[in-house]
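The data block below is coords03.cif; it holds mmCIF, C-alpha atoms.
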data_upload
loop_
_atom_site.label_atom_id
_atom_site.label_comp_id
_atom_site.auth_asym_id
_atom_site.auth_seq_id
_atom_site.Cartn_x
_atom_site.Cartn_y
_atom_site.Cartn_z
CA MET A 1 -18.43 -17.15 7.94
CA SER A 2 -21.49 -14.97 8.46
CA THR A 3 -19.62 -11.82 7.34
CA PRO A 4 -18.46 -11.88 3.70
CA VAL A 5 -14.79 -11.34 2.90
CA ILE A 6 -14.15 -9.09 -0.09
CA MET A 7 -11.19 -10.23 -2.16
CA HIS A 8 -9.66 -9.62 -5.56
CA ARG A 9 -10.22 -12.86 -7.50
CA ARG A 10 -6.68 -12.63 -8.89
CA GLU A 11 -5.30 -12.70 -5.32
CA LEU A 12 -7.25 -15.86 -4.56
CA GLU A 13 -5.84 -17.46 -7.73
CA TYR A 14 -2.34 -16.24 -6.86
CA SER A 15 -2.44 -17.39 -3.24
CA ALA A 16 -3.77 -20.85 -4.11
CA SER A 17 -1.27 -21.41 -6.96
CA GLY A 18 1.69 -22.28 -4.73
CA LEU A 19 3.84 -19.70 -6.52
CA MET A 20 4.80 -17.93 -3.28
CA GLY A 21 5.09 -21.07 -1.17
CA GLU A 22 4.76 -20.58 2.57
CA GLN A 23 4.22 -16.84 2.24
CA TYR A 24 0.63 -18.03 1.92
CA PRO A 25 0.28 -20.52 4.82
CA ALA A 26 -2.09 -23.41 4.17
CA GLU A 27 -4.56 -22.30 6.86
CA TYR A 28 -4.98 -18.90 5.13
CA VAL A 29 -5.54 -20.39 1.70
CA LYS A 30 -7.82 -23.18 2.97
CA HIS A 31 -9.92 -20.62 4.86
CA HIS A 32 -10.51 -18.71 1.64
CA ILE A 33 -11.30 -21.86 -0.33
CA ASP A 34 -13.84 -22.85 2.34
CA ARG A 35 -15.43 -19.40 2.01
CA LEU A 36 -15.53 -19.80 -1.76
CA HIS A 37 -17.86 -22.78 -1.31
CA THR A 38 -20.00 -21.28 1.48
CA PRO A 39 -23.02 -19.23 0.34
CA GLY A 40 -22.62 -15.55 1.19
CA ALA A 41 -19.14 -15.94 2.75
CA MET A 42 -17.10 -14.25 0.00
CA ARG A 43 -17.37 -11.50 -2.58
CA LEU A 44 -14.83 -11.63 -5.39
CA LEU A 45 -13.79 -8.55 -7.35
CA ASP A 46 -12.23 -8.60 -10.82
CA LEU A 47 -10.35 -5.32 -10.45
CA ASP A 48 -7.64 -6.11 -13.01
CA LEU A 49 -10.35 -6.38 -15.67
CA SER A 50 -13.26 -4.29 -14.40
CA GLY A 51 -11.35 -1.37 -12.92
CA PRO A 52 -12.09 0.15 -9.50
CA ASP A 53 -15.16 -1.09 -7.64
CA GLU A 54 -17.07 0.86 -4.98
CA VAL A 55 -17.88 -1.88 -2.46
CA PHE A 56 -19.66 0.43 0.00
CA PRO A 57 -20.43 4.13 -0.23
CA GLY A 58 -17.09 5.95 0.04
CA ILE A 59 -14.97 2.75 -0.10
CA VAL A 60 -13.38 1.87 -3.44
CA CYS A 61 -11.13 -1.11 -4.17
CA GLU A 62 -8.64 -0.88 -7.04
CA ALA A 63 -5.95 -3.21 -8.37
CA ALA A 64 -2.63 -2.14 -6.85
CA GLY A 65 -0.54 -3.38 -9.77
CA GLY A 66 2.34 -4.54 -7.57
CA HIS A 67 3.49 -6.66 -4.61
CA THR A 68 1.43 -9.63 -5.83
CA GLU A 69 -0.65 -10.00 -8.96
CA GLY A 70 -3.83 -9.67 -6.89
CA SER A 71 -2.90 -6.95 -4.39
CA MET A 72 -5.45 -4.20 -4.09
CA ASN A 73 -5.61 -0.71 -2.65
CA VAL A 74 -8.64 0.29 -0.62
CA ILE A 75 -9.48 3.98 -1.02
CA VAL A 76 -11.59 5.33 1.85
CA GLU A 77 -13.32 8.70 1.74
CA LEU A 78 -12.94 10.38 5.13
CA ALA A 79 -15.54 12.54 6.88
CA ASP A 80 -13.81 15.76 5.77
CA GLY A 81 -13.77 14.70 2.10
CA GLU A 82 -10.11 13.70 2.05
CA LYS A 83 -9.15 10.19 0.92
CA ALA A 84 -6.89 7.56 2.46
CA CYS A 85 -5.25 4.80 0.41
CA ILE A 86 -4.77 1.59 2.40
CA CYS A 87 -2.01 0.06 0.27
CA GLY A 88 -1.21 -3.13 2.16
CA ASP A 89 2.30 -4.45 1.45
CA VAL A 90 3.00 -2.27 -1.60
CA ILE A 91 4.89 0.02 0.84
CA TYR A 92 6.74 -1.41 3.85
CA ASP A 93 8.88 1.55 4.94
CA VAL A 94 7.74 5.07 4.03
CA HIS A 95 11.02 6.72 4.94
CA ASN A 96 13.49 4.33 3.27
CA GLN A 97 11.32 3.65 0.22
CA ILE A 98 9.95 7.13 -0.48
CA VAL A 99 11.34 9.99 1.64
CA ASP A 100 15.01 8.89 1.40
CA PRO A 101 14.79 5.92 -0.99
CA THR A 102 17.82 3.69 -0.61
CA TRP A 103 20.24 3.74 -3.58
CA GLN A 104 17.96 5.80 -5.82
CA VAL A 105 19.33 8.67 -7.95
CA LEU A 106 16.20 9.62 -9.93
CA ASP A 107 13.63 12.12 -8.66
CA TYR A 108 10.45 10.54 -7.25
CA GLU A 109 11.90 7.05 -7.78
CA PRO A 110 10.85 4.82 -4.88
CA ALA A 111 12.95 1.94 -3.61
CA THR A 112 11.30 -1.47 -3.79
CA THR A 113 11.51 -4.26 -1.25
CA GLY A 114 12.62 -7.77 -2.07
CA ASN A 115 9.18 -9.09 -1.11
CA HIS A 116 7.12 -8.96 -4.26
CA GLY A 117 5.98 -11.32 -6.97
CA THR A 118 5.78 -8.74 -9.75
CA THR A 119 8.46 -7.01 -11.80
CA LYS A 120 10.52 -4.13 -10.38
CA ARG A 121 8.77 -1.79 -12.83
CA GLN A 122 5.32 -2.95 -11.68
CA GLU A 123 6.38 -2.58 -8.05
CA LYS A 124 7.66 0.98 -8.56
CA ALA A 125 4.49 1.89 -10.46
CA ALA A 126 2.32 0.41 -7.68
CA ILE A 127 4.12 2.53 -5.07
CA LYS A 128 3.64 5.66 -7.21
CA LYS A 129 -0.03 4.75 -7.73
CA ALA A 130 -0.60 4.43 -3.97
CA LEU A 131 1.11 7.79 -3.36
CA ASN A 132 -1.24 9.43 -5.86
CA SER A 133 -4.47 7.69 -4.80
CA GLY A 134 -5.39 9.92 -1.87
CA ASP A 135 -4.36 12.46 0.73
CA TYR A 136 -2.97 9.75 3.01
CA VAL A 137 -1.16 6.48 2.34
CA ILE A 138 -1.61 3.72 4.93
CA PRO A 139 0.82 0.79 4.64
CA ILE A 140 0.28 -2.30 6.77
CA HIS A 141 3.82 -2.47 8.23
CA ASP A 142 4.51 1.24 8.85
CA PHE A 143 2.78 4.34 10.15
CA PRO A 144 0.64 6.41 7.73
CA ALA A 145 1.78 9.47 5.83
CA ARG A 146 0.06 12.55 4.40
CA VAL A 147 0.97 12.76 0.72
CA SER A 148 0.56 15.15 -2.18
CA SER A 149 1.82 14.84 -5.76
CA GLY A 150 3.95 11.79 -4.93
CA ARG A 151 5.67 13.53 -2.02
CA VAL A 152 5.40 12.72 1.69
CA LEU A 153 4.39 15.86 3.62
CA SER A 154 4.07 14.46 7.14
CA ARG A 155 3.82 11.28 9.18
CA LEU A 156 1.03 10.20 11.49
CA GLU A 157 0.93 7.56 14.18
CA HIS A 158 -2.20 5.75 15.30
CA SER A 159 -5.05 7.61 13.61
CA VAL A 160 -5.96 9.13 10.25
CA PRO A 161 -6.54 11.98 10.43
CA GLY A 162 -4.52 12.65 13.56
CA PRO A 163 -1.49 14.48 14.91
CA GLU A 164 1.12 14.94 12.18
CA ARG A 165 4.89 15.28 12.18
CA PRO A 166 6.24 17.28 9.19
CA VAL A 167 8.71 15.51 6.90
CA ASP A 168 11.41 17.23 4.84
CA HIS A 169 10.98 15.17 1.67
CA LYS A 170 13.49 16.41 -0.88
CA THR A 171 14.21 14.89 -4.27
CA CYS A 172 17.69 13.91 -5.44
CA SER A 173 17.81 16.97 -7.70
CA GLU A 174 17.11 19.15 -4.66
CA THR A 175 19.78 17.52 -2.49
CA GLY A 176 22.30 16.64 -5.20
CA GLU A 177 22.79 13.27 -3.49
CA MET A 178 21.72 9.67 -3.95
CA GLY A 179 19.13 8.37 -1.50
CA LEU A 180 20.89 6.39 1.20
CA GLY A 181 17.97 5.41 3.45
CA GLN A 182 19.71 6.82 6.51
CA GLY A 183 16.73 6.25 8.75
CA GLU A 184 14.00 8.59 9.77
CA PRO A 185 14.95 11.47 12.06
CA VAL A 186 13.17 11.39 15.42
CA LEU A 187 10.89 14.40 15.69
CA PRO A 188 8.21 15.13 18.28
CA LEU A 189 4.65 14.94 17.00
CA ALA A 190 3.05 18.31 16.33
CA SER A 191 -0.22 19.29 14.74
CA VAL A 192 0.14 20.53 11.16
CA THR A 193 -2.33 23.14 10.03
#
Mind turning this structure into structure tokens?
Amino acid sequence: MSTPVIMHRRELEYSASGLMGEQYPAEYVKHHIDRLHTPGAMRLLDLDLSGPDEVFPGIVCEAAGGHTEGSMNVIVELADGEKACICGDVIYDVHNQIVDPTWQVLDYEPATTGNHGTTKRQEKAAIKKALNSGDYVIPIHDFPARVSSGRVLSRLEHSVPGPERPVDHKTCSETGEMGLGQGEPVLPLASVT
């Protein structure tokens, strides 16, 4: 408990409410409650009310607006001036939610997962927000992607920045077809310049 945990206060409220049941195991919630009552063990942010908060130079936390009521994006300024958006669980599968979004017919309309405690509209908006919050989007359950104007340009593997594999991200109006989430084509990694 000597290193403070930074958390959106709304996520602490949400996780301790019981609303999501065992998606928040007791040991996770109890650990945060213990920190809440230990001097210097936690820093709470009120992002939904205060707006983005720079917690360290070049690291900004912002309310995600989806997945859970307290989810937050962490925007990190990289050494070259680019920005990476660590979006947690707002995006699970870059290819099937964004590049070829399953069952979507509208341009730039991401597919949502079934794992969220917000409305479908909030979830879609949170995905779009993450895609427009930096030069890279880093989900927790998938590899990162380089993004621009809501479009995935390339995929990375274990480092950001790092070797990139170009992605042919076309909208439904460009393909004339509904997104079917056919799975990501296997391409060798190559450096993109």
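Checking A:Val5, A:Ala130, A:Asp48, A:Thr102 one by one against Leu36 (chain A), counting all atoms listed in the file, you find the shortest gap at A:Val5.
Among A:Lys83, A:Lys170, A:Arg35, A:Arg155, the residue with the shortest atom-to-atom distance to Pro101 (chain A), counting all atoms listed in the file, is A:Lys170.
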Hits from the PyMOL selection byres ((chain A and resi 81) around 12), listed as a list in words: Gly58, Ile75, Val76, Glu77, Leu78, Ala79, Asp80, Glu82, Lys83, Ala84, Gly134, Asp135, Tyr136 and Pro161 of chain A
Using only C-alpha atoms, which of A:Asp34, A:Glu123, A:Glu164, A:Glu177 sits nearest Gln104 (chain A)?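 Nearest to Gln104 (chain A): A:Glu177.
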Under the rule that only C-alpha atoms are counted, which of A:Ile6, A:Leu156, A:Ala26, A:Val167 is the nearest residue to His95 (chain A)? A:Val167
Can you pull out the residues contacting region 86-92 of chain A? Cut-off 6 Å, using only C-alpha atoms, and skip same-chain residues under 6 positions away; I want them as a PDB file with C-alpha atoms, in the coordinates of the input.
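Written out: around.pdb:
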ATOM      1  CA  HIS A  67       3.490  -6.660  -4.610  1.00  0.00           C
ATOM      2  CA  ASN A  73      -5.610  -0.710  -2.650  1.00  0.00           C
ATOM      3  CA  VAL A  74      -8.640   0.290  -0.620  1.00  0.00           C
ATOM      4  CA  ILE A 138      -1.610   3.720   4.930  1.00  0.00           C
ATOM      5  CA  PRO A 139       0.820   0.790   4.640  1.00  0.00           C
ATOM      6  CA  ILE A 140       0.280  -2.300   6.770  1.00  0.00           C
ATOM      7  CA  HIS A 141       3.820  -2.470   8.230  1.00  0.00           C
TER       8      HIS A 141
END
Write out as an mmCIF file with C-alpha atoms, keeping the file's coordinate frame which residues come within 9 Å of region 108-120 of chain A when counting only C-alpha atoms, dropping same-chain ones fewer than 3 positions away.
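The resulting file, result_1.cif, is shown below:
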data_model
loop_
_atom_site.group_PDB
_atom_site.id
_atom_site.type_symbol
_atom_site.label_atom_id
_atom_site.label_comp_id
_atom_site.auth_asym_id
_atom_site.auth_seq_id
_atom_site.Cartn_x
_atom_site.Cartn_y
_atom_site.Cartn_z
ATOM 1 C CA LEU A 19 3.840 -19.700 -6.520
ATOM 2 C CA MET A 20 4.800 -17.930 -3.280
ATOM 3 C CA GLY A 65 -0.540 -3.380 -9.770
ATOM 4 C CA GLY A 66 2.340 -4.540 -7.570
ATOM 5 C CA HIS A 67 3.490 -6.660 -4.610
ATOM 6 C CA THR A 68 1.430 -9.630 -5.830
ATOM 7 C CA GLU A 69 -0.650 -10.000 -8.960
ATOM 8 C CA ASP A 89 2.300 -4.450 1.450
ATOM 9 C CA VAL A 90 3.000 -2.270 -1.600
ATOM 10 C CA ILE A 91 4.890 0.020 0.840
ATOM 11 C CA TYR A 92 6.740 -1.410 3.850
ATOM 12 C CA ASP A 93 8.880 1.550 4.940
ATOM 13 C CA ASN A 96 13.490 4.330 3.270
ATOM 14 C CA GLN A 97 11.320 3.650 0.220
ATOM 15 C CA ILE A 98 9.950 7.130 -0.480
ATOM 16 C CA VAL A 99 11.340 9.990 1.640
ATOM 17 C CA ASP A 100 15.010 8.890 1.400
ATOM 18 C CA PRO A 101 14.790 5.920 -0.990
ATOM 19 C CA THR A 102 17.820 3.690 -0.610
ATOM 20 C CA TRP A 103 20.240 3.740 -3.580
ATOM 21 C CA GLN A 104 17.960 5.800 -5.820
ATOM 22 C CA VAL A 105 19.330 8.670 -7.950
ATOM 23 C CA GLU A 123 6.380 -2.580 -8.050
ATOM 24 C CA LYS A 124 7.660 0.980 -8.560
ATOM 25 C CA ALA A 125 4.490 1.890 -10.460
ATOM 26 C CA ILE A 127 4.120 2.530 -5.070
ATOM 27 C CA LYS A 128 3.640 5.660 -7.210
ATOM 28 C CA GLY A 150 3.950 11.790 -4.930
ATOM 29 C CA ARG A 151 5.670 13.530 -2.020
ATOM 30 C CA THR A 171 14.210 14.890 -4.270
ATOM 31 C CA CYS A 172 17.690 13.910 -5.440
#
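CA of Gly179 (chain A) is positioned 18.9 Å from CA of Ala145 (chain A).
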Grab the CA of Glu157 (chain A) to CA of Val137 (chain A) distance for me, in Å with one decimal place. 12.1 Å
Start from the incomplete input, build N, CA, C and O atoms for region 149-175 of chain A, and deliver everything as an mmCIF file, in the coordinates of the input.
data_model
loop_
_atom_site.group_PDB
_atom_site.id
_atom_site.type_symbol
_atom_site.label_atom_id
_atom_site.label_comp_id
_atom_site.auth_asym_id
_atom_site.auth_seq_id
_atom_site.Cartn_x
_atom_site.Cartn_y
_atom_site.Cartn_z
ATOM 1 N N SER A 149 1.012 14.858 -4.539
ATOM 2 C CA SER A 149 1.820 14.840 -5.760
ATOM 3 C C SER A 149 3.036 13.926 -5.641
ATOM 4 O O SER A 149 4.137 14.281 -6.070
ATOM 5 N N GLY A 150 2.864 12.749 -5.039
ATOM 6 C CA GLY A 150 3.950 11.790 -4.930
ATOM 7 C C GLY A 150 4.974 12.090 -3.852
ATOM 8 O O GLY A 150 5.982 11.416 -3.737
ATOM 9 N N ARG A 151 4.721 13.103 -3.049
ATOM 10 C CA ARG A 151 5.670 13.530 -2.020
ATOM 11 C C ARG A 151 5.054 13.338 -0.639
ATOM 12 O O ARG A 151 3.872 13.610 -0.435
ATOM 13 N N VAL A 152 5.852 12.879 0.306
ATOM 14 C CA VAL A 152 5.400 12.720 1.690
ATOM 15 C C VAL A 152 5.523 14.072 2.381
ATOM 16 O O VAL A 152 6.605 14.659 2.430
ATOM 17 N N LEU A 153 4.399 14.570 2.926
ATOM 18 C CA LEU A 153 4.390 15.860 3.620
ATOM 19 C C LEU A 153 4.591 15.712 5.118
ATOM 20 O O LEU A 153 5.242 16.541 5.752
ATOM 21 N N SER A 154 3.985 14.659 5.686
ATOM 22 C CA SER A 154 4.070 14.460 7.140
ATOM 23 C C SER A 154 3.767 13.012 7.461
ATOM 24 O O SER A 154 3.258 12.270 6.636
ATOM 25 N N ARG A 155 4.089 12.638 8.686
ATOM 26 C CA ARG A 155 3.820 11.280 9.180
ATOM 27 C C ARG A 155 2.810 11.355 10.311
ATOM 28 O O ARG A 155 2.771 12.323 11.067
ATOM 29 N N LEU A 156 2.018 10.323 10.429
ATOM 30 C CA LEU A 156 1.030 10.200 11.490
ATOM 31 C C LEU A 156 1.388 8.961 12.299
ATOM 32 O O LEU A 156 2.253 8.187 11.914
ATOM 33 N N GLU A 157 0.675 8.767 13.399
ATOM 34 C CA GLU A 157 0.930 7.560 14.180
ATOM 35 C C GLU A 157 -0.273 6.641 14.170
ATOM 36 O O GLU A 157 -0.422 5.858 13.260
ATOM 37 N N HIS A 158 -1.168 6.763 15.122
ATOM 38 C CA HIS A 158 -2.200 5.750 15.300
ATOM 39 C C HIS A 158 -3.581 6.112 14.769
ATOM 40 O O HIS A 158 -4.511 5.329 14.940
ATOM 41 N N SER A 159 -3.733 7.270 14.145
ATOM 42 C CA SER A 159 -5.050 7.610 13.610
ATOM 43 C C SER A 159 -4.911 8.479 12.373
ATOM 44 O O SER A 159 -3.962 9.235 12.220
ATOM 45 N N VAL A 160 -5.881 8.328 11.474
ATOM 46 C CA VAL A 160 -5.960 9.130 10.250
ATOM 47 C C VAL A 160 -7.368 9.648 10.140
ATOM 48 O O VAL A 160 -8.306 8.859 10.088
ATOM 49 N N PRO A 161 -7.559 10.977 10.150
ATOM 50 C CA PRO A 161 -6.540 11.980 10.430
ATOM 51 C C PRO A 161 -6.124 11.924 11.898
ATOM 52 O O PRO A 161 -6.783 11.284 12.717
ATOM 53 N N GLY A 162 -5.040 12.621 12.201
ATOM 54 C CA GLY A 162 -4.520 12.650 13.560
ATOM 55 C C GLY A 162 -3.334 13.586 13.638
ATOM 56 O O GLY A 162 -3.020 14.271 12.662
ATOM 57 N N PRO A 163 -2.671 13.622 14.783
ATOM 58 C CA PRO A 163 -1.490 14.480 14.910
ATOM 59 C C PRO A 163 -0.457 14.120 13.846
ATOM 60 O O PRO A 163 -0.245 12.942 13.551
ATOM 61 N N GLU A 164 0.163 15.141 13.270
ATOM 62 C CA GLU A 164 1.120 14.940 12.180
ATOM 63 C C GLU A 164 2.483 15.511 12.541
ATOM 64 O O GLU A 164 2.587 16.493 13.242
ATOM 65 N N ARG A 165 3.506 14.846 12.021
ATOM 66 C CA ARG A 165 4.890 15.280 12.180
ATOM 67 C C ARG A 165 5.401 15.625 10.781
ATOM 68 O O ARG A 165 5.479 14.754 9.916
ATOM 69 N N PRO A 166 5.761 16.903 10.526
ATOM 70 C CA PRO A 166 6.240 17.280 9.190
ATOM 71 C C PRO A 166 7.476 16.480 8.772
ATOM 72 O O PRO A 166 8.292 16.089 9.601
ATOM 73 N N VAL A 167 7.581 16.231 7.479
ATOM 74 C CA VAL A 167 8.710 15.510 6.900
ATOM 75 C C VAL A 167 9.352 16.409 5.852
ATOM 76 O O VAL A 167 8.648 17.023 5.054
ATOM 77 N N ASP A 168 10.676 16.471 5.847
ATOM 78 C CA ASP A 168 11.410 17.230 4.840
ATOM 79 C C ASP A 168 11.761 16.290 3.693
ATOM 80 O O ASP A 168 12.845 15.720 3.654
ATOM 81 N N HIS A 169 10.804 16.088 2.793
ATOM 82 C CA HIS A 169 10.980 15.170 1.670
ATOM 83 C C HIS A 169 11.553 15.940 0.490
ATOM 84 O O HIS A 169 10.857 16.699 -0.163
ATOM 85 N N LYS A 170 12.827 15.738 0.232
ATOM 86 C CA LYS A 170 13.490 16.410 -0.880
ATOM 87 C C LYS A 170 13.881 15.383 -1.929
ATOM 88 O O LYS A 170 14.242 14.255 -1.606
ATOM 89 N N THR A 171 13.823 15.783 -3.183
ATOM 90 C CA THR A 171 14.210 14.890 -4.270
ATOM 91 C C THR A 171 15.728 14.922 -4.440
ATOM 92 O O THR A 171 16.412 15.805 -3.924
ATOM 93 N N CYS A 172 16.247 13.961 -5.192
ATOM 94 C CA CYS A 172 17.690 13.910 -5.440
ATOM 95 C C CYS A 172 18.184 15.167 -6.135
ATOM 96 O O CYS A 172 19.289 15.635 -5.867
ATOM 97 N N SER A 173 17.374 15.741 -7.032
ATOM 98 C CA SER A 173 17.810 16.970 -7.700
ATOM 99 C C SER A 173 17.863 18.141 -6.727
ATOM 100 O O SER A 173 18.647 19.065 -6.905
ATOM 101 N N GLU A 174 17.066 18.089 -5.666
ATOM 102 C CA GLU A 174 17.110 19.150 -4.660
ATOM 103 C C GLU A 174 18.286 18.993 -3.700
ATOM 104 O O GLU A 174 18.845 19.977 -3.229
ATOM 105 N N THR A 175 18.671 17.759 -3.421
ATOM 106 C CA THR A 175 19.780 17.520 -2.490
ATOM 107 C C THR A 175 21.112 17.345 -3.201
ATOM 108 O O THR A 175 22.167 17.558 -2.610
#
